[in-house]
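Asks: Provided below: model_1.txt, containing compact mmCIF, C-alpha atoms (C1' of nucleotides).
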```txt
# COMPACT_ATOMS: atom_id res chain seq x y z
CA MET M 1 75.17 123.14 140.13
CA GLY M 2 73.57 122.86 136.78
CA ASP M 3 74.79 126.27 135.75
CA GLY M 4 78.46 125.45 136.18
CA ASP M 5 78.14 122.20 134.32
CA GLU M 6 80.34 122.15 131.29
CA LEU M 7 80.02 119.97 128.22
CA LEU M 8 83.35 118.67 127.01
CA PRO M 9 84.11 119.34 123.32
CA GLN M 10 82.45 116.88 120.95
CA PRO M 11 81.70 116.78 117.24
CA ASP M 12 78.36 117.90 115.84
CA ILE M 13 76.09 115.18 114.52
CA GLN M 14 76.86 115.84 110.89
CA ASP M 15 80.59 115.78 111.62
CA ILE M 16 80.56 112.27 113.04
CA ARG M 17 82.59 110.09 110.66
CA LEU M 18 81.84 106.41 110.28
CA GLU M 19 85.51 105.51 110.02
CA LYS M 20 86.25 107.31 113.25
CA VAL M 21 83.42 105.51 115.00
CA LEU M 22 84.55 102.12 113.72
CA GLN M 23 88.14 102.87 114.55
CA ALA M 24 87.18 103.93 118.07
CA LEU M 25 85.06 100.83 118.58
CA GLY M 26 87.75 98.59 117.12
CA ASP M 27 89.49 98.59 120.48
CA PRO M 28 88.10 96.00 122.91
CA VAL M 29 88.26 98.37 125.87
CA ARG M 30 86.30 101.07 124.12
CA LEU M 31 83.80 98.60 122.74
CA GLN M 32 83.23 97.46 126.30
CA LEU M 33 82.89 101.07 127.43
CA MET M 34 80.18 101.68 124.86
CA ALA M 35 78.29 98.64 126.11
CA ILE M 36 78.59 99.88 129.68
CA TYR M 37 77.17 103.29 128.89
CA ALA M 38 74.45 101.77 126.73
CA ARG M 39 73.38 99.64 129.67
CA GLU M 40 73.69 102.31 132.31
CA GLY M 41 71.65 104.88 130.45
CA GLU M 42 71.38 108.60 130.94
CA GLN M 43 74.27 110.57 132.34
CA CYS M 44 75.58 107.88 134.63
CA ASP M 45 78.62 108.83 136.59
CA CYS M 46 79.63 105.20 136.82
CA ASP M 47 83.34 104.65 137.08
CA PRO M 48 84.30 102.36 134.22
CA ARG M 49 86.90 100.72 136.38
CA ARG M 50 84.19 99.18 138.49
CA PHE M 51 82.80 97.38 135.45
CA GLY M 52 85.51 94.92 134.52
CA LEU M 53 88.19 97.41 133.66
CA GLN M 54 89.94 97.40 137.00
CA HIS M 55 93.30 96.59 135.52
CA LEU M 56 93.54 99.84 133.60
CA HIS M 57 95.28 102.93 134.86
CA LYS M 58 93.05 105.92 135.34
CA SER M 59 94.94 107.88 132.73
CA THR M 60 94.38 105.06 130.26
CA VAL M 61 90.65 105.16 130.87
CA SER M 62 90.72 108.92 130.49
CA HIS M 63 92.44 108.48 127.15
CA HIS M 64 89.82 106.02 125.91
CA MET M 65 87.06 108.33 127.02
CA LYS M 66 88.56 111.13 125.01
CA VAL M 67 88.77 108.96 121.90
CA LEU M 68 85.13 107.91 122.24
CA ARG M 69 84.02 111.48 122.81
CA GLU M 70 85.99 112.91 119.89
CA ALA M 71 84.64 110.18 117.63
CA GLY M 72 81.14 111.26 118.60
CA VAL M 73 80.22 108.06 120.42
CA THR M 74 79.83 109.53 123.88
CA SER M 75 79.00 112.85 125.48
CA THR M 76 80.66 114.00 128.67
CA LYS M 77 79.42 116.61 131.10
CA VAL M 78 81.59 117.91 133.92
CA VAL M 79 79.71 117.80 137.22
CA GLY M 80 81.83 118.82 140.12
CA ARG M 81 84.84 116.60 140.13
CA ASN M 82 82.99 113.83 138.31
CA ARG M 83 82.20 113.26 134.64
CA HIS M 84 78.72 112.29 133.60
CA VAL M 85 79.03 110.25 130.45
CA ARG M 86 76.27 109.09 128.16
CA LEU M 87 76.07 107.25 124.88
CA ARG M 88 74.91 109.60 122.11
CA LYS M 89 72.33 107.07 121.03
CA GLU M 90 69.69 109.30 119.51
CA GLU M 91 72.25 111.23 117.51
CA LEU M 92 74.04 108.11 116.34
CA ASP M 93 70.70 106.57 115.39
CA GLU M 94 69.93 109.62 113.31
CA ARG M 95 73.33 109.65 111.67
CA PHE M 96 73.84 105.90 111.24
CA PRO M 97 70.43 104.20 111.65
CA GLY M 98 70.61 100.86 113.38
CA LEU M 99 74.33 100.90 113.97
CA VAL M 100 74.36 101.11 117.76
CA ASP M 101 71.66 98.49 118.25
CA THR M 102 73.35 96.21 115.76
CA LEU M 103 76.68 96.49 117.53
CA LEU M 104 75.16 95.98 120.96
CA ALA M 105 73.30 92.91 119.76
CA ALA M 106 76.47 91.62 118.13
CA MET M 107 78.26 91.76 121.47
CA ASP M 108 75.89 89.26 123.08
CA ASP M 109 77.42 85.87 122.37
CA MET V 1 89.83 74.93 86.47
CA GLY V 2 87.31 74.55 89.19
CA ASP V 3 89.21 71.64 90.65
CA GLY V 4 92.45 73.51 91.16
CA ASP V 5 90.69 76.47 92.73
CA GLU V 6 91.94 77.07 96.21
CA LEU V 7 90.22 78.95 99.02
CA LEU V 8 92.60 81.15 100.97
CA PRO V 9 92.59 80.59 104.74
CA GLN V 10 89.73 82.34 106.52
CA PRO V 11 88.05 82.09 109.91
CA ASP V 12 84.97 79.97 110.44
CA ILE V 13 81.73 81.82 111.04
CA GLN V 14 81.72 81.28 114.77
CA ASP V 15 85.32 82.47 115.00
CA ILE V 16 84.61 85.87 113.46
CA ARG V 17 85.24 88.47 116.17
CA LEU V 18 83.35 91.73 116.22
CA GLU V 19 86.40 93.69 117.35
CA LYS V 20 88.41 92.31 114.48
CA VAL V 21 85.72 93.25 112.00
CA LEU V 22 85.42 96.76 113.39
CA GLN V 23 89.17 97.18 113.50
CA ALA V 24 89.46 96.00 109.91
CA LEU V 25 86.70 98.34 108.77
CA GLY V 26 88.15 101.23 110.75
CA ASP V 27 90.59 101.87 107.94
CA PRO V 28 89.16 104.02 105.13
CA VAL V 29 90.75 101.92 102.40
CA ARG V 30 89.33 98.69 103.72
CA LEU V 31 85.93 100.26 104.32
CA GLN V 32 85.97 101.30 100.68
CA LEU V 33 87.02 97.80 99.65
CA MET V 34 84.07 96.30 101.49
CA ALA V 35 81.73 98.68 99.67
CA ILE V 36 83.27 97.72 96.35
CA TYR V 37 82.79 94.02 96.91
CA ALA V 38 79.30 94.56 98.25
CA ARG V 39 78.41 96.39 95.05
CA GLU V 40 80.15 94.04 92.66
CA GLY V 41 78.60 90.90 94.06
CA GLU V 42 79.59 87.29 93.68
CA GLN V 43 83.17 86.33 93.15
CA CYS V 44 84.16 89.36 91.13
CA ASP V 45 87.76 89.43 90.07
CA CYS V 46 87.67 93.21 89.92
CA ASP V 47 90.99 94.85 90.60
CA PRO V 48 90.43 97.25 93.49
CA ARG V 49 92.88 99.65 91.98
CA ARG V 50 90.43 100.40 89.19
CA PHE V 51 87.88 101.58 91.72
CA GLY V 52 89.40 104.71 93.18
CA LEU V 53 92.38 103.09 94.81
CA GLN V 54 94.85 103.75 92.01
CA HIS V 55 97.32 105.47 94.25
CA LEU V 56 98.01 102.36 96.30
CA HIS V 57 100.85 99.97 95.65
CA LYS V 58 99.77 96.45 94.75
CA SER V 59 101.45 95.05 97.85
CA THR V 60 99.50 97.51 99.97
CA VAL V 61 96.24 96.32 98.45
CA SER V 62 97.33 92.74 99.02
CA HIS V 63 97.95 93.56 102.66
CA HIS V 64 94.49 95.09 103.10
CA MET V 65 92.90 92.09 101.41
CA LYS V 66 94.62 89.82 103.87
CA VAL V 67 93.39 91.84 106.82
CA LEU V 68 89.81 91.75 105.54
CA ARG V 69 90.00 88.03 104.86
CA GLU V 70 91.51 87.16 108.22
CA ALA V 71 88.88 89.28 109.97
CA GLY V 72 86.23 87.24 108.20
CA VAL V 73 84.88 90.06 106.07
CA THR V 74 85.83 88.68 102.67
CA SER V 75 86.48 85.32 101.08
CA THR V 76 89.17 84.84 98.46
CA LYS V 77 89.42 82.06 95.93
CA VAL V 78 92.52 81.58 93.81
CA VAL V 79 91.60 81.21 90.15
CA GLY V 80 94.61 80.94 87.94
CA ARG V 81 96.73 83.95 88.61
CA ASN V 82 93.76 86.01 89.76
CA ARG V 83 91.90 86.21 93.05
CA HIS V 84 88.14 86.06 93.13
CA VAL V 85 87.00 87.99 96.15
CA ARG V 86 83.52 88.17 97.63
CA LEU V 87 81.97 89.76 100.68
CA ARG V 88 80.89 87.07 103.15
CA LYS V 89 77.49 88.68 103.47
CA GLU V 90 75.32 85.68 104.35
CA GLU V 91 77.77 84.55 107.01
CA LEU V 92 78.18 88.01 108.45
CA ASP V 93 74.41 88.44 108.46
CA GLU V 94 74.09 85.24 110.41
CA ARG V 95 76.83 86.17 112.85
CA PHE V 96 76.06 89.88 113.25
CA PRO V 97 72.54 90.49 111.92
CA GLY V 98 72.12 93.79 110.15
CA LEU V 99 75.71 94.91 110.53
CA VAL V 100 76.75 94.84 106.88
CA ASP V 101 73.60 96.55 105.61
CA THR V 102 73.86 99.14 108.35
CA LEU V 103 77.44 99.93 107.49
CA LEU V 104 76.76 100.09 103.76
CA ALA V 105 73.84 102.42 104.36
CA ALA V 106 75.96 104.54 106.67
CA MET V 107 78.47 105.08 103.89
CA ASP V 108 75.96 106.82 101.66
CA ASP V 109 76.15 110.46 102.62
C1' DG A 1 110.91 77.11 77.37
C1' DG A 2 110.79 81.99 77.80
C1' DT A 3 108.41 85.91 78.96
C1' DA A 4 104.93 88.74 80.85
C1' DA A 5 101.22 89.46 84.32
C1' DG A 6 98.97 89.02 88.97
C1' DG A 7 99.81 88.58 93.74
C1' DT A 8 102.47 87.48 97.90
C1' DT A 9 106.31 88.05 101.06
C1' DG A 10 109.98 90.28 103.49
C1' DG A 11 112.16 94.24 105.04
C1' DA A 12 112.27 99.06 105.99
C1' DC A 13 110.44 103.46 107.36
C1' DG A 14 107.47 106.76 109.68
C1' DC A 15 103.69 107.33 112.38
C1' DA A 16 99.97 106.38 115.42
C1' DC A 17 98.28 103.71 119.24
C1' DG A 18 97.70 101.56 124.08
C1' DT A 19 99.67 101.66 128.32
C1' DC A 20 101.76 103.38 132.51
C1' DA A 21 103.79 106.79 135.67
C1' DA A 22 104.27 111.16 137.55
C1' DA A 23 102.80 115.76 137.88
C1' DC A 24 99.17 118.82 137.72
C1' DA A 25 94.36 121.08 138.25
C1' DA A 26 90.02 121.45 140.29
C1' DT A 27 86.44 120.34 143.32
C1' DA A 28 84.27 118.42 147.59
C1' DG A 29 84.36 117.80 152.38
C1' DA A 30 86.21 118.17 157.05
C1' DT N 1 92.22 126.29 154.94
C1' DC N 2 93.86 121.81 154.57
C1' DT N 3 93.21 117.45 152.66
C1' DA N 4 91.48 113.81 149.90
C1' DT N 5 89.31 112.70 145.60
C1' DT N 6 88.60 112.77 140.67
C1' DG N 7 90.19 113.29 136.39
C1' DT N 8 93.51 115.43 132.78
C1' DT N 9 97.96 116.16 130.74
C1' DT N 10 102.54 115.22 129.49
C1' DG N 11 106.17 112.25 128.55
C1' DA N 12 107.98 107.87 127.78
C1' DC N 13 108.12 103.13 126.06
C1' DG N 14 106.99 99.23 123.25
C1' DT N 15 104.16 97.64 119.74
C1' DG N 16 101.48 97.54 115.75
C1' DC N 17 99.92 99.66 111.43
C1' DG N 18 99.96 101.64 106.60
C1' DT N 19 102.87 102.30 103.02
C1' DC N 20 106.42 101.49 99.58
C1' DC N 21 110.06 98.85 97.32
C1' DA N 22 112.40 94.83 95.77
C1' DA N 23 112.45 90.09 95.23
C1' DC N 24 110.00 86.12 94.55
C1' DC N 25 106.45 82.63 93.08
C1' DT N 26 102.67 80.97 89.92
C1' DT N 27 100.15 80.87 86.14
C1' DA N 28 98.97 82.19 81.36
C1' DC N 29 100.29 82.84 76.80
C1' DC N 30 103.58 83.13 72.78
```
Let me see whether you can do it: turn the structure in this file into structure tokens.
Replies:
Amino acid sequence: MGDGDELLPQPDIQDIRLEKVLQALGDPVRLQLMAIYAREGEQCDCDPRRFGLQHLHKSTVSHHMKVLREAGVTSTKVVGRNRHVRLRKEELDERFPGLVDTLLAAMDD
Amino acid sequence: MGDGDELLPQPDIQDIRLEKVLQALGDPVRLQLMAIYAREGEQCDCDPRRFGLQHLHKSTVSHHMKVLREAGVTSTKVVGRNRHVRLRKEELDERFPGLVDTLLAAMDD
DNA sequence: GGTAAGGTTGGACGCACGTCAAACAATAGA
DNA sequence: TCTATTGTTTGACGTGCGTCCAACCTTACC
């Protein structure tokens, strides 16, 4: 493995649109997902449904993941039959300085 | 006037929800509206339709204003037959530090 | 008072969204 | 190879959203 790993399609940094990011994060489930991946760090293969999202169907989670990825919020690598997802923090920080940290801080209350 | 001025219903600071704010700002028109009111400052009675939103019906603008207000983004005071709208910057800064400035900065590109 | 102007409200329409269910594809492990 | 696991895709359903239009309500100004 390592060679067969495939990166799922995602927008380039300069193509990340603020509206798309805000729209993606406007959904409570996806906002929660962002927080999960921010906390879990690099390339975790954590199943979101073990982090307070148990009630959601797997296809629903898959849908939300796609929205986050296509908005440029997350990056997904295929590893075997799992998906390693990470928050694109460095890229988002470069594109929209302070946004991710601000949002994460805003969620603590 | 001054006595008859009425503040349209809006959430208290502690009741402002991040998801609601993000959802409200996820629409390009409303994101633009926030930028307008951030630029125009205190209690401007500027008609949004003179700021690049000419194509929108007045009822559509009214709808967007309501969404922004109910999300806690803007504050609207009735003055005669006009509405004086302002961005609730201080309150948003207190509730979600750095969010407004981050978003405004992110729109410049 | 009558009329015009600024905004809101209600309904209608099309479209997108969040969710689930079932079927499918691909990989890991026995 | 067979089977179980992991995730995607497609379709369907209900709901909500963005928009316009028409009617309405206030207020300002002749």
Asks: Could you list the residues in chain M lying within 7 Å of chain V, using all atoms listed in the file, and format the result as a PyMOL selection string?
Replies: chain M and resi 19-20+22-23+25-28+96-99+102+106
Asks: Within 10 Å of chain V, which residues of chain A come that close, and what is the closest atom pair and distance in Å for each? Count only C-alpha atoms (C1' of nucleotides) and give it as JSON lines.
Replies:
```
{"residue": "A:DA5", "atom": "C1'", "partner": "V:Arg81", "partner_atom": "CA", "distance": 8.3}
{"residue": "A:DG6", "atom": "C1'", "partner": "V:Arg81", "partner_atom": "CA", "distance": 5.6}
{"residue": "A:DG7", "atom": "C1'", "partner": "V:Ser62", "partner_atom": "CA", "distance": 7.2}
{"residue": "A:DT8", "atom": "C1'", "partner": "V:Ser62", "partner_atom": "CA", "distance": 7.4}
{"residue": "A:DT9", "atom": "C1'", "partner": "V:Ser59", "partner_atom": "CA", "distance": 9.1}
```
Asks: With all Cα atoms paired residue by residue, do a least-squares superposition of chain M on chain V and hand back the transformed coordinates as a PDB file with C-alpha atoms, in the coordinates of the input.
Replies:
```pdb
ATOM      1  CA  MET M   1      89.736  74.883  86.390  1.00  0.00           C
ATOM      2  CA  GLY M   2      87.334  74.550  89.214  1.00  0.00           C
ATOM      3  CA  ASP M   3      89.216  71.628  90.663  1.00  0.00           C
ATOM      4  CA  GLY M   4      92.456  73.526  91.136  1.00  0.00           C
ATOM      5  CA  ASP M   5      90.720  76.462  92.714  1.00  0.00           C
ATOM      6  CA  GLU M   6      91.963  77.061  96.195  1.00  0.00           C
ATOM      7  CA  LEU M   7      90.241  78.933  98.990  1.00  0.00           C
ATOM      8  CA  LEU M   8      92.611  81.128 100.942  1.00  0.00           C
ATOM      9  CA  PRO M   9      92.578  80.585 104.730  1.00  0.00           C
ATOM     10  CA  GLN M  10      89.716  82.347 106.498  1.00  0.00           C
ATOM     11  CA  PRO M  11      88.058  82.084 109.892  1.00  0.00           C
ATOM     12  CA  ASP M  12      84.966  79.965 110.453  1.00  0.00           C
ATOM     13  CA  ILE M  13      81.730  81.829 111.042  1.00  0.00           C
ATOM     14  CA  GLN M  14      81.719  81.301 114.774  1.00  0.00           C
ATOM     15  CA  ASP M  15      85.318  82.503 115.004  1.00  0.00           C
ATOM     16  CA  ILE M  16      84.599  85.891 113.473  1.00  0.00           C
ATOM     17  CA  ARG M  17      85.214  88.493 116.192  1.00  0.00           C
ATOM     18  CA  LEU M  18      83.327  91.762 116.213  1.00  0.00           C
ATOM     19  CA  GLU M  19      86.370  93.712 117.349  1.00  0.00           C
ATOM     20  CA  LYS M  20      88.405  92.334 114.489  1.00  0.00           C
ATOM     21  CA  VAL M  21      85.705  93.263 112.008  1.00  0.00           C
ATOM     22  CA  LEU M  22      85.407  96.788 113.385  1.00  0.00           C
ATOM     23  CA  GLN M  23      89.145  97.180 113.518  1.00  0.00           C
ATOM     24  CA  ALA M  24      89.468  96.008 109.918  1.00  0.00           C
ATOM     25  CA  LEU M  25      86.719  98.345 108.759  1.00  0.00           C
ATOM     26  CA  GLY M  26      88.156 101.235 110.751  1.00  0.00           C
ATOM     27  CA  ASP M  27      90.606 101.877 107.940  1.00  0.00           C
ATOM     28  CA  PRO M  28      89.166 104.016 105.130  1.00  0.00           C
ATOM     29  CA  VAL M  29      90.770 101.911 102.410  1.00  0.00           C
ATOM     30  CA  ARG M  30      89.332  98.687 103.725  1.00  0.00           C
ATOM     31  CA  LEU M  31      85.944 100.242 104.324  1.00  0.00           C
ATOM     32  CA  GLN M  32      85.978 101.285 100.690  1.00  0.00           C
ATOM     33  CA  LEU M  33      87.031  97.782  99.666  1.00  0.00           C
ATOM     34  CA  MET M  34      84.070  96.296 101.495  1.00  0.00           C
ATOM     35  CA  ALA M  35      81.738  98.672  99.681  1.00  0.00           C
ATOM     36  CA  ILE M  36      83.287  97.708  96.358  1.00  0.00           C
ATOM     37  CA  TYR M  37      82.800  94.003  96.910  1.00  0.00           C
ATOM     38  CA  ALA M  38      79.297  94.558  98.249  1.00  0.00           C
ATOM     39  CA  ARG M  39      78.418  96.373  95.046  1.00  0.00           C
ATOM     40  CA  GLU M  40      80.169  94.016  92.686  1.00  0.00           C
ATOM     41  CA  GLY M  41      78.590  90.887  94.081  1.00  0.00           C
ATOM     42  CA  GLU M  42      79.578  87.277  93.699  1.00  0.00           C
ATOM     43  CA  GLN M  43      83.180  86.317  93.157  1.00  0.00           C
ATOM     44  CA  CYS M  44      84.160  89.356  91.157  1.00  0.00           C
ATOM     45  CA  ASP M  45      87.737  89.432  90.068  1.00  0.00           C
ATOM     46  CA  CYS M  46      87.639  93.204  89.944  1.00  0.00           C
ATOM     47  CA  ASP M  47      90.954  94.850  90.602  1.00  0.00           C
ATOM     48  CA  PRO M  48      90.430  97.219  93.511  1.00  0.00           C
ATOM     49  CA  ARG M  49      92.878  99.640  92.007  1.00  0.00           C
ATOM     50  CA  ARG M  50      90.457 100.370  89.219  1.00  0.00           C
ATOM     51  CA  PHE M  51      87.871 101.560  91.731  1.00  0.00           C
ATOM     52  CA  GLY M  52      89.394 104.685  93.207  1.00  0.00           C
ATOM     53  CA  LEU M  53      92.387 103.084  94.819  1.00  0.00           C
ATOM     54  CA  GLN M  54      94.839 103.739  92.030  1.00  0.00           C
ATOM     55  CA  HIS M  55      97.314 105.466  94.272  1.00  0.00           C
ATOM     56  CA  LEU M  56      98.022 102.371  96.328  1.00  0.00           C
ATOM     57  CA  HIS M  57     100.865  99.992  95.680  1.00  0.00           C
ATOM     58  CA  LYS M  58      99.829  96.490  94.782  1.00  0.00           C
ATOM     59  CA  SER M  59     101.494  95.095  97.865  1.00  0.00           C
ATOM     60  CA  THR M  60      99.512  97.527  99.992  1.00  0.00           C
ATOM     61  CA  VAL M  61      96.264  96.334  98.468  1.00  0.00           C
ATOM     62  CA  SER M  62      97.356  92.758  99.014  1.00  0.00           C
ATOM     63  CA  HIS M  63      97.963  93.573 102.657  1.00  0.00           C
ATOM     64  CA  HIS M  64      94.504  95.088 103.092  1.00  0.00           C
ATOM     65  CA  MET M  65      92.935  92.098 101.423  1.00  0.00           C
ATOM     66  CA  LYS M  66      94.645  89.807 103.864  1.00  0.00           C
ATOM     67  CA  VAL M  67      93.403  91.827 106.831  1.00  0.00           C
ATOM     68  CA  LEU M  68      89.826  91.748 105.541  1.00  0.00           C
ATOM     69  CA  ARG M  69      90.016  88.032 104.863  1.00  0.00           C
ATOM     70  CA  GLU M  70      91.518  87.155 108.244  1.00  0.00           C
ATOM     71  CA  ALA M  71      88.889  89.272 109.972  1.00  0.00           C
ATOM     72  CA  GLY M  72      86.236  87.227 108.200  1.00  0.00           C
ATOM     73  CA  VAL M  73      84.893  90.067 106.072  1.00  0.00           C
ATOM     74  CA  THR M  74      85.848  88.673 102.691  1.00  0.00           C
ATOM     75  CA  SER M  75      86.481  85.316 101.077  1.00  0.00           C
ATOM     76  CA  THR M  76      89.159  84.832  98.460  1.00  0.00           C
ATOM     77  CA  LYS M  77      89.412  82.059  95.910  1.00  0.00           C
ATOM     78  CA  VAL M  78      92.510  81.572  93.785  1.00  0.00           C
ATOM     79  CA  VAL M  79      91.581  81.231  90.117  1.00  0.00           C
ATOM     80  CA  GLY M  80      94.570  80.998  87.890  1.00  0.00           C
ATOM     81  CA  ARG M  81      96.678  84.018  88.543  1.00  0.00           C
ATOM     82  CA  ASN M  82      93.688  86.038  89.718  1.00  0.00           C
ATOM     83  CA  ARG M  83      91.863  86.213  93.044  1.00  0.00           C
ATOM     84  CA  HIS M  84      88.108  86.057  93.132  1.00  0.00           C
ATOM     85  CA  VAL M  85      86.987  87.982  96.168  1.00  0.00           C
ATOM     86  CA  ARG M  86      83.522  88.178  97.638  1.00  0.00           C
ATOM     87  CA  LEU M  87      81.959  89.754 100.680  1.00  0.00           C
ATOM     88  CA  ARG M  88      80.894  87.067 103.167  1.00  0.00           C
ATOM     89  CA  LYS M  89      77.491  88.666 103.454  1.00  0.00           C
ATOM     90  CA  GLU M  90      75.344  85.694 104.355  1.00  0.00           C
ATOM     91  CA  GLU M  91      77.771  84.550 107.016  1.00  0.00           C
ATOM     92  CA  LEU M  92      78.190  88.019 108.464  1.00  0.00           C
ATOM     93  CA  ASP M  93      74.416  88.451 108.476  1.00  0.00           C
ATOM     94  CA  GLU M  94      74.094  85.238 110.424  1.00  0.00           C
ATOM     95  CA  ARG M  95      76.817  86.171 112.866  1.00  0.00           C
ATOM     96  CA  PHE M  96      76.056  89.883 113.250  1.00  0.00           C
ATOM     97  CA  PRO M  97      72.514  90.496 111.922  1.00  0.00           C
ATOM     98  CA  GLY M  98      72.118  93.796 110.152  1.00  0.00           C
ATOM     99  CA  LEU M  99      75.702  94.895 110.519  1.00  0.00           C
ATOM    100  CA  VAL M 100      76.750  94.839 106.871  1.00  0.00           C
ATOM    101  CA  ASP M 101      73.606  96.544 105.606  1.00  0.00           C
ATOM    102  CA  THR M 102      73.850  99.136 108.341  1.00  0.00           C
ATOM    103  CA  LEU M 103      77.445  99.931 107.480  1.00  0.00           C
ATOM    104  CA  LEU M 104      76.761 100.084 103.759  1.00  0.00           C
ATOM    105  CA  ALA M 105      73.828 102.410 104.320  1.00  0.00           C
ATOM    106  CA  ALA M 106      75.947 104.532 106.638  1.00  0.00           C
ATOM    107  CA  MET M 107      78.480 105.055 103.865  1.00  0.00           C
ATOM    108  CA  ASP M 108      75.958 106.785 101.605  1.00  0.00           C
ATOM    109  CA  ASP M 109      76.173 110.450 102.531  1.00  0.00           C
TER     110      ASP M 109
END
```
Asks: Just give me the residues with any atom within 12 Å of (85.5, 113.2, 119.8), file coordinates, counting all atoms listed in the file, written as a list in words.
Replies: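 So the residues meeting the distance criterion are Leu8, Pro9, Gln10, Pro11, Asp12, Ile13, Asp15, Ile16, Arg17, Lys20, Val21, Gln23, Ala24, His63, His64, Met65, Lys66, Val67, Leu68, Arg69, Glu70, Ala71, Gly72, Val73, Thr74, Ser75, Thr76 and Arg88 of chain M.
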Asks: Rounded to one decimal, what separation in Å do you get between atom CA of V:Gly41 and atom CA of V:His84?
Replies: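 We find that atom CA of V:Gly41 and atom CA of V:His84 lie 10.7 Å from each other.
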Asks: Could you work out which residues of chain N fall inside 8 Å of chain V? Count only C-alpha atoms (C1' of nucleotides), and format the result as a PyMOL selection string.
Replies: chain N and resi 18-20+26-28
Asks: Please report the interatomic distance between atom CA of M:Gly52 and atom CA of M:Val78 in Å with one decimal.
Replies: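 Separating atom CA of M:Gly52 from atom CA of M:Val78 is a distance of 23.3 Å.
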Asks: Could you check how far atom CA of V:Leu92 sits from atom CA of M:Asp93, in Å to one decimal?
Replies: 21.2 Å
Asks: What's the 9 Å shell around A:DC17, counting only C-alpha atoms (C1' of nucleotides), without same-chain residues fewer than 2 positions away, as number ranges by chain?
Replies: N: 15-17
Asks: I'd like the neighbourhood of N:DC30 as a list in words, where a residue qualifies if any of its atoms comes within 12 Å (using all atoms listed in the file), though same-chain residues fewer than 4 positions away should be ignored.
Replies: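 These residues fall inside the cut-off: DG1, DG2, DT3 and DA4 of chain A.
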Asks: Edge lengths and centre in Å to one decimal, as AutoDock Vina command-line options, of the axis-aligned box that encloses all listed atoms of stretch 8-27 of chain A with 8 Å added on every side?
Replies:
```
--center_x 99.4 --center_y 104.5 --center_z 120.6 --size_x 41.8 --size_y 50.0 --size_z 61.4
```
Asks: Find the residues with any atom within 12 Å of (107.3, 102.2, 122.8); use only C-alpha atoms (C1' of nucleotides) and the coordinates as given in the file, and write the answer as number ranges by chain.
Replies: A: 16-20; N: 11-16
